[in-house]
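Notes to accompany the following structure.
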Amino acid sequence: MFDTIYIEQQVAGHARTLDICARFPKATRVECDRYGEVFNPKSQDFRLQKRRPSLILAHKHHGRVLETPDGYGLGGPRNYYFSHLLNCLYDCRYCFLQGMYRSAHYVLFVNYEDFESDMETILAEAGNEPCWFFSGYDCDSLAMEPVSSFVQHFLPFFRRHPRAYIELRTKSTQVRGLLKMQPLPNAVIAFSFTPEEVYRALEHKVPTLERRLQAMLQLQQAGWQLGLRFDPLIYQEDYQAQYRGLFQQLFSQLNTEHLHSVSLGTFRLPRGYFRNIVQLYPDEPLFAGTFSASNGMISYPQALEQEMTAFCTRELLQHIPESLLFPCTLAA
Ligand code: SF4
C-alpha cells in the first residue's frame with residue numbers, strides 16, 4: 001500500500017509506529033525530524049503524489065482538539081473537532097483538502113493518548129454539559145482503519161465517557177471493526193452521499209453508493225446510530241431529480257428510527273483553496289459553473305444556494321421528522 005513511510009524521530013520507537021511499520025515490511029523507511037519537512041514544501045505535485053501517497057508517522061504537539069466553527073454541529077452546546085490523520089484515501093474533486101495541503105501524503109499522528117487527554121480536559125471544564133467531538137474533518141474517519149486502528153482505539157474512550165459524543169464521518173465501507181463491538185449510544189456513524197451522477201463524475205475511488213448503503217444497513221441491524229450527510233450539495237442541471245432519487249433510494253431501505261441526524265450544506269470553499277484546486281484541475285467542469293465570492297468564501301450564487309437548500313429540505317422532510325434535520329449554516 002505504501003512504498004515509503006516517513007517517520008519522525010520522536011515517534012520512531014512508539015508502539016503504534018512499530019506496529020504499523022511491521023505491517024508494511026517492504027516499504028522504505030525514512031526518518032525525519034519534523035513531518036513538515038516532507039509535507040509542507042511548496043514545490044510538490046499534489047496530483048502526482050495522489051497516485052501513490054506515502055505515509056508519514058508523526059507526533060501532534062498542539063491544537064489537537066479544537067472548537068468547531070460557528071454553525072457546525074448537531075444541536076449540542078459544545079462542539080469540537082480533531083484530526084488524527086491528514087488527507088484521504090479517496091479523491092473527491094470538490095474536497096477542500098487538496099486546496100489546503102500542498103502534499104497528498106497521509107500524515108498519521110500516532111500519539112492518540114494525547115488527543116484523549118485533551119478531550120478529558122475539555123470534558124472536565126464542561127461540567128455536566130455534553131461535548132461533541134467530530135472526527136473526519138481533515139480525513140475520512142473510517143477509510144484508513146486497517147492502517148490506523150483509530151476506531152478500535154478511540155471508541156473504548158467514548159464508552160468510558162458517556163458525556164462525550166463522537167461523530168465518525170465517512171464514505172467508506174470499513175465497518176468490520178464496528179460490527180464486532182457493542183454499539184455506543186454516544187457515537188454516530190455518519191455517511192456522506194451525493195447522487196449517483198455526481199458520484200460518478202466527482203468521487204473518485206469512493207465505494208459505490210450501493211456498497212455504502214449496505215454498510216449502513218449492517219450497522220443499523222447491529223444497533224448503531226446512523227447519520228446521513230448531504231454536504232456538499234452539488235449543482236447539476238437536473239439536481240432536483242437526482243437528489244429526489246437519492247433520498248428515495250436511501251430512505252426506502254434505511255429505518256429512520258435508527259437515524260440520529262441528517263445534515264446538508266451547499267458547496268463552498270475558502271477562496272484560496274478554491275484557487276488552488278482550480279489550478280490542479282483546470283478542465284474540471286465542476287469549476288466552470290457560476291460562483292460568487294463573499295467573506296473570503298467561494299460558493300454558488302446565493303439564490304441558487306437557497307433554492308437547492310429549500311428543495312432538498314422539502315424533499316427530506318417527506319422522509320424524516322424535522323427534529324432530525326441539521327442544515328449546515330457555516331458562513332459563506
Ligand atoms: S471522502 Fe471526504 S475527505 Fe475524502 S476525498 Fe472525499 S471529500 Fe475529501
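Naming works like this for the C-alpha cells: A, B, ... for the chains as they're shown, residue 1 at the start of each chain, ligands 1 onward in shown order.
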(message) Around ligand 1, out to 8 Å and counting only C-alpha atoms and all ligand atoms, which residues are there? I want them as a list of chain:residue names.
(response) A:Asn87, A:Cys88, A:Leu89, A:Tyr90, A:Asp91, A:Cys92, A:Arg93, A:Tyr94, A:Cys95, A:Phe96, A:Leu97, A:Gln98, A:Gly136, A:Tyr137, A:Asp138, A:Cys139, A:Asp140, A:Thr170, A:Lys171, A:Ser172, A:Glu203, A:Val206
(request) Could you find all residues in stretch 162-269 of chain A that DSSP calls helix (DSSP H, G or I) from the backbone, and write them as a VMD selection string? (result) chain A and resid 176 to 180 196 to 202 209 to 222 239 to 251 256 to 258
(request) Can you pull out every residue within 6 Å of stretch 6-9 of chain A, counting only C-alpha atoms, but drop anything in the same chain fewer than 4 positions away, and send it as a ChimeraX atom specification? (result) /A:29-34,56-58
(message) When you count only C-alpha atoms, which of these residues is closest to A:Lys205: A:Leu66, A:Leu18, A:Glu129, A:Arg51?
(response)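 Result for the nearest residue to A:Lys205: A:Arg51.
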(request) Mind checking which residues fall within 12 Å of A:Glu113, counting only C-alpha atoms, ignoring those fewer than 2 positions away in the same chain, and posting them as a list of chain:residue names? (result)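 Near neighbours after the sequence-gap exclusion: A:His14, A:Ala15, A:Arg16, A:His59, A:Lys60, A:His61, A:Arg64, A:His84, A:Phe109, A:Val110, A:Asn111, A:Phe115, A:Glu116, A:Ser117, A:Asp118, A:Met119, A:Glu120, A:Phe150, A:His153, A:Phe154, A:Phe157.
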(message) Ranking A:Arg47, A:Arg52, A:His260, A:Arg229 by minimum distance to A:Ile277 and counting only C-alpha atoms, which one comes first?
(response)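 Looking only at the distances to A:Ile277, the closest residue turns out to be A:Arg47.
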Quick one: residues within 12 Å of A:Glu210, only C-alpha atoms, excluding same-chain residues fewer than 2 positions away - as a PDB file with all heavy atoms, in the first residue's frame?
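Writing the result to around22.pdb gives the following:
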ATOM      1  N   LYS A 171     -17.134   8.016   3.937  1.00  0.00           N
ATOM      2  CA  LYS A 171     -17.700   7.494   2.685  1.00  0.00           C
ATOM      3  C   LYS A 171     -17.196   6.063   2.503  1.00  0.00           C
ATOM      4  O   LYS A 171     -17.219   5.522   1.411  1.00  0.00           O
ATOM      5  CB  LYS A 171     -17.238   8.334   1.485  1.00  0.00           C
ATOM      6  CG  LYS A 171     -17.878   9.700   1.382  1.00  0.00           C
ATOM      7  CD  LYS A 171     -17.669  10.291  -0.005  1.00  0.00           C
ATOM      8  CE  LYS A 171     -18.185  11.698  -0.105  1.00  0.00           C
ATOM      9  NZ  LYS A 171     -17.108  12.697   0.046  1.00  0.00           N
ATOM     10  N   SER A 172     -16.715   5.475   3.564  1.00  0.00           N
ATOM     11  CA  SER A 172     -16.062   4.175   3.480  1.00  0.00           C
ATOM     12  C   SER A 172     -17.034   3.050   3.826  1.00  0.00           C
ATOM     13  O   SER A 172     -18.132   3.282   4.315  1.00  0.00           O
ATOM     14  CB  SER A 172     -14.891   4.192   4.460  1.00  0.00           C
ATOM     15  OG  SER A 172     -14.514   2.909   4.815  1.00  0.00           O
ATOM     16  N   THR A 173     -16.584   1.829   3.576  1.00  0.00           N
ATOM     17  CA  THR A 173     -17.379   0.668   3.995  1.00  0.00           C
ATOM     18  C   THR A 173     -16.595  -0.139   5.038  1.00  0.00           C
ATOM     19  O   THR A 173     -16.879  -1.307   5.249  1.00  0.00           O
ATOM     20  CB  THR A 173     -17.691  -0.231   2.770  1.00  0.00           C
ATOM     21  OG1 THR A 173     -16.451  -0.568   2.134  1.00  0.00           O
ATOM     22  CG2 THR A 173     -18.579   0.470   1.777  1.00  0.00           C
ATOM     23  N   PHE A 193     -23.289  11.260   1.197  1.00  0.00           N
ATOM     24  CA  PHE A 193     -23.760  10.835  -0.126  1.00  0.00           C
ATOM     25  C   PHE A 193     -23.982  12.037  -1.036  1.00  0.00           C
ATOM     26  O   PHE A 193     -24.388  13.110  -0.593  1.00  0.00           O
ATOM     27  CB  PHE A 193     -25.108  10.101  -0.009  1.00  0.00           C
ATOM     28  CG  PHE A 193     -25.011   8.727   0.603  1.00  0.00           C
ATOM     29  CD1 PHE A 193     -25.260   8.542   1.957  1.00  0.00           C
ATOM     30  CD2 PHE A 193     -24.674   7.626  -0.171  1.00  0.00           C
ATOM     31  CE1 PHE A 193     -25.176   7.279   2.527  1.00  0.00           C
ATOM     32  CE2 PHE A 193     -24.588   6.357   0.391  1.00  0.00           C
ATOM     33  CZ  PHE A 193     -24.843   6.177   1.744  1.00  0.00           C
ATOM     34  N   THR A 194     -23.750  11.781  -2.315  1.00  0.00           N
ATOM     35  CA  THR A 194     -24.237  12.668  -3.373  1.00  0.00           C
ATOM     36  C   THR A 194     -24.977  11.750  -4.355  1.00  0.00           C
ATOM     37  O   THR A 194     -24.811  10.527  -4.305  1.00  0.00           O
ATOM     38  CB  THR A 194     -23.074  13.362  -4.122  1.00  0.00           C
ATOM     39  OG1 THR A 194     -22.209  12.350  -4.636  1.00  0.00           O
ATOM     40  CG2 THR A 194     -22.293  14.308  -3.236  1.00  0.00           C
ATOM     41  N   PRO A 195     -25.766  12.302  -5.256  1.00  0.00           N
ATOM     42  CA  PRO A 195     -26.464  11.445  -6.216  1.00  0.00           C
ATOM     43  C   PRO A 195     -25.483  10.677  -7.106  1.00  0.00           C
ATOM     44  O   PRO A 195     -24.334  11.090  -7.290  1.00  0.00           O
ATOM     45  CB  PRO A 195     -27.281  12.441  -7.048  1.00  0.00           C
ATOM     46  CG  PRO A 195     -27.391  13.652  -6.194  1.00  0.00           C
ATOM     47  CD  PRO A 195     -26.142  13.715  -5.389  1.00  0.00           C
ATOM     48  N   GLU A 196     -25.971   9.600  -7.646  1.00  0.00           N
ATOM     49  CA  GLU A 196     -25.166   8.708  -8.491  1.00  0.00           C
ATOM     50  C   GLU A 196     -24.392   9.484  -9.576  1.00  0.00           C
ATOM     51  O   GLU A 196     -23.204   9.217  -9.819  1.00  0.00           O
ATOM     52  CB  GLU A 196     -26.132   7.698  -9.148  1.00  0.00           C
ATOM     53  CG  GLU A 196     -25.493   6.616  -9.984  1.00  0.00           C
ATOM     54  CD  GLU A 196     -24.732   5.596  -9.142  1.00  0.00           C
ATOM     55  OE1 GLU A 196     -25.152   5.319  -8.006  1.00  0.00           O
ATOM     56  OE2 GLU A 196     -23.709   5.098  -9.647  1.00  0.00           O
ATOM     57  N   TYR A 199     -21.578  11.311  -7.984  1.00  0.00           N
ATOM     58  CA  TYR A 199     -20.603  10.301  -7.536  1.00  0.00           C
ATOM     59  C   TYR A 199     -19.709   9.882  -8.705  1.00  0.00           C
ATOM     60  O   TYR A 199     -18.483   9.858  -8.595  1.00  0.00           O
ATOM     61  CB  TYR A 199     -21.347   9.093  -6.951  1.00  0.00           C
ATOM     62  CG  TYR A 199     -20.506   7.848  -6.858  1.00  0.00           C
ATOM     63  CD1 TYR A 199     -19.537   7.727  -5.861  1.00  0.00           C
ATOM     64  CD2 TYR A 199     -20.643   6.811  -7.782  1.00  0.00           C
ATOM     65  CE1 TYR A 199     -18.740   6.595  -5.780  1.00  0.00           C
ATOM     66  CE2 TYR A 199     -19.846   5.679  -7.707  1.00  0.00           C
ATOM     67  CZ  TYR A 199     -18.895   5.583  -6.708  1.00  0.00           C
ATOM     68  OH  TYR A 199     -18.100   4.469  -6.633  1.00  0.00           O
ATOM     69  N   VAL A 206     -14.113   6.328  -4.370  1.00  0.00           N
ATOM     70  CA  VAL A 206     -15.076   6.161  -3.268  1.00  0.00           C
ATOM     71  C   VAL A 206     -15.907   4.905  -3.535  1.00  0.00           C
ATOM     72  O   VAL A 206     -16.292   4.652  -4.680  1.00  0.00           O
ATOM     73  CB  VAL A 206     -15.992   7.414  -3.181  1.00  0.00           C
ATOM     74  CG1 VAL A 206     -17.121   7.196  -2.178  1.00  0.00           C
ATOM     75  CG2 VAL A 206     -15.176   8.644  -2.819  1.00  0.00           C
ATOM     76  N   PRO A 207     -16.187   4.084  -2.504  1.00  0.00           N
ATOM     77  CA  PRO A 207     -17.059   2.915  -2.717  1.00  0.00           C
ATOM     78  C   PRO A 207     -18.415   3.343  -3.278  1.00  0.00           C
ATOM     79  O   PRO A 207     -18.889   4.453  -2.999  1.00  0.00           O
ATOM     80  CB  PRO A 207     -17.221   2.341  -1.303  1.00  0.00           C
ATOM     81  CG  PRO A 207     -16.034   2.828  -0.549  1.00  0.00           C
ATOM     82  CD  PRO A 207     -15.693   4.167  -1.121  1.00  0.00           C
ATOM     83  N   THR A 208     -19.029   2.447  -4.040  1.00  0.00           N
ATOM     84  CA  THR A 208     -20.296   2.811  -4.683  1.00  0.00           C
ATOM     85  C   THR A 208     -21.358   3.119  -3.635  1.00  0.00           C
ATOM     86  O   THR A 208     -21.285   2.674  -2.489  1.00  0.00           O
ATOM     87  CB  THR A 208     -20.833   1.645  -5.542  1.00  0.00           C
ATOM     88  OG1 THR A 208     -21.071   0.533  -4.674  1.00  0.00           O
ATOM     89  CG2 THR A 208     -19.864   1.266  -6.644  1.00  0.00           C
ATOM     90  N   ARG A 212     -22.013   1.470   0.160  1.00  0.00           N
ATOM     91  CA  ARG A 212     -22.103   2.272   1.393  1.00  0.00           C
ATOM     92  C   ARG A 212     -23.444   2.058   2.082  1.00  0.00           C
ATOM     93  O   ARG A 212     -23.532   1.967   3.302  1.00  0.00           O
ATOM     94  CB  ARG A 212     -21.904   3.761   1.071  1.00  0.00           C
ATOM     95  CG  ARG A 212     -20.441   4.147   0.964  1.00  0.00           C
ATOM     96  CD  ARG A 212     -20.288   5.584   0.560  1.00  0.00           C
ATOM     97  NE  ARG A 212     -20.465   5.740  -0.876  1.00  0.00           N
ATOM     98  CZ  ARG A 212     -20.793   6.868  -1.480  1.00  0.00           C
ATOM     99  NH1 ARG A 212     -21.030   7.952  -0.778  1.00  0.00           N
ATOM    100  NH2 ARG A 212     -20.912   6.911  -2.787  1.00  0.00           N
ATOM    101  N   LEU A 213     -24.487   1.975   1.266  1.00  0.00           N
ATOM    102  CA  LEU A 213     -25.812   1.730   1.844  1.00  0.00           C
ATOM    103  C   LEU A 213     -25.845   0.367   2.534  1.00  0.00           C
ATOM    104  O   LEU A 213     -26.408   0.225   3.627  1.00  0.00           O
ATOM    105  CB  LEU A 213     -26.873   1.838   0.733  1.00  0.00           C
ATOM    106  CG  LEU A 213     -28.326   1.631   1.134  1.00  0.00           C
ATOM    107  CD1 LEU A 213     -28.732   2.517   2.307  1.00  0.00           C
ATOM    108  CD2 LEU A 213     -29.249   1.911  -0.060  1.00  0.00           C
ATOM    109  N   GLN A 214     -25.218  -0.628   1.925  1.00  0.00           N
ATOM    110  CA  GLN A 214     -25.166  -1.951   2.554  1.00  0.00           C
ATOM    111  C   GLN A 214     -24.428  -1.882   3.892  1.00  0.00           C
ATOM    112  O   GLN A 214     -24.833  -2.514   4.872  1.00  0.00           O
ATOM    113  CB  GLN A 214     -24.459  -2.967   1.626  1.00  0.00           C
ATOM    114  CG  GLN A 214     -25.279  -3.383   0.416  1.00  0.00           C
ATOM    115  CD  GLN A 214     -26.689  -3.838   0.798  1.00  0.00           C
ATOM    116  OE1 GLN A 214     -26.887  -4.565   1.758  1.00  0.00           O
ATOM    117  NE2 GLN A 214     -27.689  -3.371   0.046  1.00  0.00           N
ATOM    118  N   ALA A 215     -23.342  -1.116   3.937  1.00  0.00           N
ATOM    119  CA  ALA A 215     -22.599  -0.958   5.202  1.00  0.00           C
ATOM    120  C   ALA A 215     -23.501  -0.317   6.252  1.00  0.00           C
ATOM    121  O   ALA A 215     -23.518  -0.721   7.422  1.00  0.00           O
ATOM    122  CB  ALA A 215     -21.349  -0.106   4.970  1.00  0.00           C
ATOM    123  N   MET A 216     -24.274   0.676   5.829  1.00  0.00           N
ATOM    124  CA  MET A 216     -25.201   1.332   6.772  1.00  0.00           C
ATOM    125  C   MET A 216     -26.244   0.340   7.283  1.00  0.00           C
ATOM    126  O   MET A 216     -26.581   0.330   8.475  1.00  0.00           O
ATOM    127  CB  MET A 216     -25.926   2.495   6.084  1.00  0.00           C
ATOM    128  CG  MET A 216     -25.072   3.706   5.849  1.00  0.00           C
ATOM    129  SD  MET A 216     -26.058   5.124   5.316  1.00  0.00           S
ATOM    130  CE  MET A 216     -26.592   5.815   6.884  1.00  0.00           C
ATOM    131  N   LEU A 217     -26.750  -0.483   6.386  1.00  0.00           N
ATOM    132  CA  LEU A 217     -27.786  -1.446   6.791  1.00  0.00           C
ATOM    133  C   LEU A 217     -27.228  -2.446   7.807  1.00  0.00           C
ATOM    134  O   LEU A 217     -27.906  -2.819   8.759  1.00  0.00           O
ATOM    135  CB  LEU A 217     -28.365  -2.161   5.559  1.00  0.00           C
ATOM    136  CG  LEU A 217     -29.175  -1.258   4.622  1.00  0.00           C
ATOM    137  CD1 LEU A 217     -29.531  -1.984   3.329  1.00  0.00           C
ATOM    138  CD2 LEU A 217     -30.452  -0.755   5.299  1.00  0.00           C
ATOM    139  N   LEU A 246     -32.027  10.057  -5.009  1.00  0.00           N
ATOM    140  CA  LEU A 246     -31.098   9.615  -3.955  1.00  0.00           C
ATOM    141  C   LEU A 246     -31.845   9.417  -2.630  1.00  0.00           C
ATOM    142  O   LEU A 246     -31.682   8.391  -1.958  1.00  0.00           O
ATOM    143  CB  LEU A 246     -29.986  10.662  -3.786  1.00  0.00           C
ATOM    144  CG  LEU A 246     -29.027  10.455  -2.606  1.00  0.00           C
ATOM    145  CD1 LEU A 246     -28.196   9.180  -2.779  1.00  0.00           C
ATOM    146  CD2 LEU A 246     -28.097  11.665  -2.446  1.00  0.00           C
ATOM    147  N   GLN A 249     -34.000   6.353  -2.713  1.00  0.00           N
ATOM    148  CA  GLN A 249     -33.196   5.122  -2.625  1.00  0.00           C
ATOM    149  C   GLN A 249     -32.760   4.846  -1.189  1.00  0.00           C
ATOM    150  O   GLN A 249     -32.860   3.728  -0.686  1.00  0.00           O
ATOM    151  CB  GLN A 249     -31.971   5.251  -3.528  1.00  0.00           C
ATOM    152  CG  GLN A 249     -31.136   3.983  -3.572  1.00  0.00           C
ATOM    153  CD  GLN A 249     -29.945   4.110  -4.525  1.00  0.00           C
ATOM    154  OE1 GLN A 249     -29.760   5.128  -5.181  1.00  0.00           O
ATOM    155  NE2 GLN A 249     -29.146   3.073  -4.599  1.00  0.00           N
ATOM    156  N   LEU A 250     -32.276   5.881  -0.511  1.00  0.00           N
ATOM    157  CA  LEU A 250     -31.773   5.681   0.858  1.00  0.00           C
ATOM    158  C   LEU A 250     -32.911   5.387   1.835  1.00  0.00           C
ATOM    159  O   LEU A 250     -32.855   4.430   2.605  1.00  0.00           O
ATOM    160  CB  LEU A 250     -31.006   6.934   1.314  1.00  0.00           C
ATOM    161  CG  LEU A 250     -29.702   7.232   0.562  1.00  0.00           C
ATOM    162  CD1 LEU A 250     -29.127   8.583   1.010  1.00  0.00           C
ATOM    163  CD2 LEU A 250     -28.670   6.144   0.811  1.00  0.00           C
ATOM    164  N   GLN A 253     -34.765   2.054   2.219  1.00  0.00           N
ATOM    165  CA  GLN A 253     -34.103   0.917   2.862  1.00  0.00           C
ATOM    166  C   GLN A 253     -33.687   1.182   4.308  1.00  0.00           C
ATOM    167  O   GLN A 253     -33.619   0.276   5.114  1.00  0.00           O
ATOM    168  CB  GLN A 253     -32.871   0.512   2.046  1.00  0.00           C
ATOM    169  CG  GLN A 253     -33.274   0.059   0.638  1.00  0.00           C
ATOM    170  CD  GLN A 253     -32.108  -0.542  -0.091  1.00  0.00           C
ATOM    171  OE1 GLN A 253     -31.534  -1.521   0.339  1.00  0.00           O
ATOM    172  NE2 GLN A 253     -31.747   0.056  -1.217  1.00  0.00           N
TER     173      GLN A 253
END
(message) Just checking: using only C-alpha atoms, which residue out of A:Pro285, A:Pro301, A:Pro183, A:Pro77 ends up closest to A:Gly127?
(response) A:Pro77
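Nearest to A:Pro321 of all the residues A:Ser149, A:Gln302, A:Gln221, A:Ser261 is A:Ser261, based on only C-alpha atoms.
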(request) Within 12 Å of A:Cys131, counting only C-alpha atoms, which residues show up once you throw out same-chain ones fewer than 4 positions away? Write them as a PyMOL selection string, please. (result) chain A and resi 65-68+73-81+119-127+158+161-167+186-187
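Nearest-residue note for A:Arg244: choosing from A:Val278, A:Ser263, A:His319, A:Asn295, the minimum distance belongs to A:His319, counting only C-alpha atoms.
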(message) Using only C-alpha atoms, can you tell me which of A:Met100, A:Leu48, A:Ile20, A:Ala293 comes closest to A:Ser148?
(response)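 So, comparing all the options, the nearest one is A:Ile20.
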Please, which residues of stretch 108-302 of chain A, numbered as in this document, come out strand (DSSP E) from DSSP, as a PDB file with C-alpha atoms, in the first residue's frame?
ATOM      1  CA  LEU A 108      -0.933   9.947  10.850  1.00  0.00           C
ATOM      2  CA  PHE A 109      -0.418  11.364  14.343  1.00  0.00           C
ATOM      3  CA  CYS A 131     -19.462  17.640  24.404  1.00  0.00           C
ATOM      4  CA  TRP A 132     -19.443  16.598  20.777  1.00  0.00           C
ATOM      5  CA  PHE A 133     -16.203  15.586  19.113  1.00  0.00           C
ATOM      6  CA  PHE A 134     -16.185  15.453  15.323  1.00  0.00           C
ATOM      7  CA  ALA A 164     -18.601  12.721  25.223  1.00  0.00           C
ATOM      8  CA  TYR A 165     -20.278  12.195  21.857  1.00  0.00           C
ATOM      9  CA  ILE A 166     -18.402  11.288  18.722  1.00  0.00           C
ATOM     10  CA  GLU A 167     -19.339  11.620  15.071  1.00  0.00           C
ATOM     11  CA  LEU A 168     -17.395   9.398  12.679  1.00  0.00           C
ATOM     12  CA  ARG A 169     -17.914  10.799   9.195  1.00  0.00           C
ATOM     13  CA  THR A 170     -17.196   8.570   6.257  1.00  0.00           C
ATOM     14  CA  ALA A 187     -21.482   7.516  18.767  1.00  0.00           C
ATOM     15  CA  VAL A 188     -22.948   8.427  15.390  1.00  0.00           C
ATOM     16  CA  ILE A 189     -21.633   6.828  12.218  1.00  0.00           C
ATOM     17  CA  ALA A 190     -22.410   9.420   9.574  1.00  0.00           C
ATOM     18  CA  PHE A 191     -22.265   8.528   5.883  1.00  0.00           C
ATOM     19  CA  SER A 192     -21.931  11.158   3.162  1.00  0.00           C
ATOM     20  CA  GLU A 203     -15.969  10.997  -6.212  1.00  0.00           C
ATOM     21  CA  HIS A 204     -13.021   9.009  -7.496  1.00  0.00           C
ATOM     22  CA  GLN A 225     -26.902   5.171  15.471  1.00  0.00           C
ATOM     23  CA  LEU A 226     -26.511   6.457  11.952  1.00  0.00           C
ATOM     24  CA  GLY A 227     -26.234   9.835  10.316  1.00  0.00           C
ATOM     25  CA  LEU A 228     -26.702  10.993   6.748  1.00  0.00           C
ATOM     26  CA  ARG A 229     -24.676  13.890   5.407  1.00  0.00           C
ATOM     27  CA  PHE A 230     -25.580  15.643   2.171  1.00  0.00           C
ATOM     28  CA  ASP A 231     -22.745  18.113   2.298  1.00  0.00           C
ATOM     29  CA  PRO A 232     -21.751  19.413  -0.144  1.00  0.00           C
ATOM     30  CA  LEU A 233     -24.922  19.592  -2.202  1.00  0.00           C
ATOM     31  CA  LEU A 259     -31.296   7.633  12.282  1.00  0.00           C
ATOM     32  CA  HIS A 260     -29.669  10.102  14.628  1.00  0.00           C
ATOM     33  CA  SER A 261     -29.361  13.085  12.300  1.00  0.00           C
ATOM     34  CA  VAL A 262     -29.396  14.301   8.720  1.00  0.00           C
ATOM     35  CA  SER A 263     -27.429  17.358   7.685  1.00  0.00           C
ATOM     36  CA  LEU A 264     -26.966  19.257   4.480  1.00  0.00           C
ATOM     37  CA  GLY A 265     -24.957  22.175   3.181  1.00  0.00           C
ATOM     38  CA  THR A 266     -24.184  23.554  -0.243  1.00  0.00           C
ATOM     39  CA  ARG A 268     -18.444  26.203  -0.527  1.00  0.00           C
ATOM     40  CA  LEU A 269     -14.694  26.628  -0.186  1.00  0.00           C
ATOM     41  CA  PRO A 270     -12.325  29.277   1.155  1.00  0.00           C
ATOM     42  CA  SER A 292     -19.925  34.055  -6.043  1.00  0.00           C
ATOM     43  CA  ALA A 293     -17.321  35.290  -3.581  1.00  0.00           C
ATOM     44  CA  SER A 294     -18.189  36.645  -0.183  1.00  0.00           C
ATOM     45  CA  MET A 297     -15.517  32.088   0.606  1.00  0.00           C
ATOM     46  CA  ILE A 298     -16.486  30.833  -2.846  1.00  0.00           C
ATOM     47  CA  SER A 299     -19.943  29.330  -3.157  1.00  0.00           C
TER      48      SER A 299
END
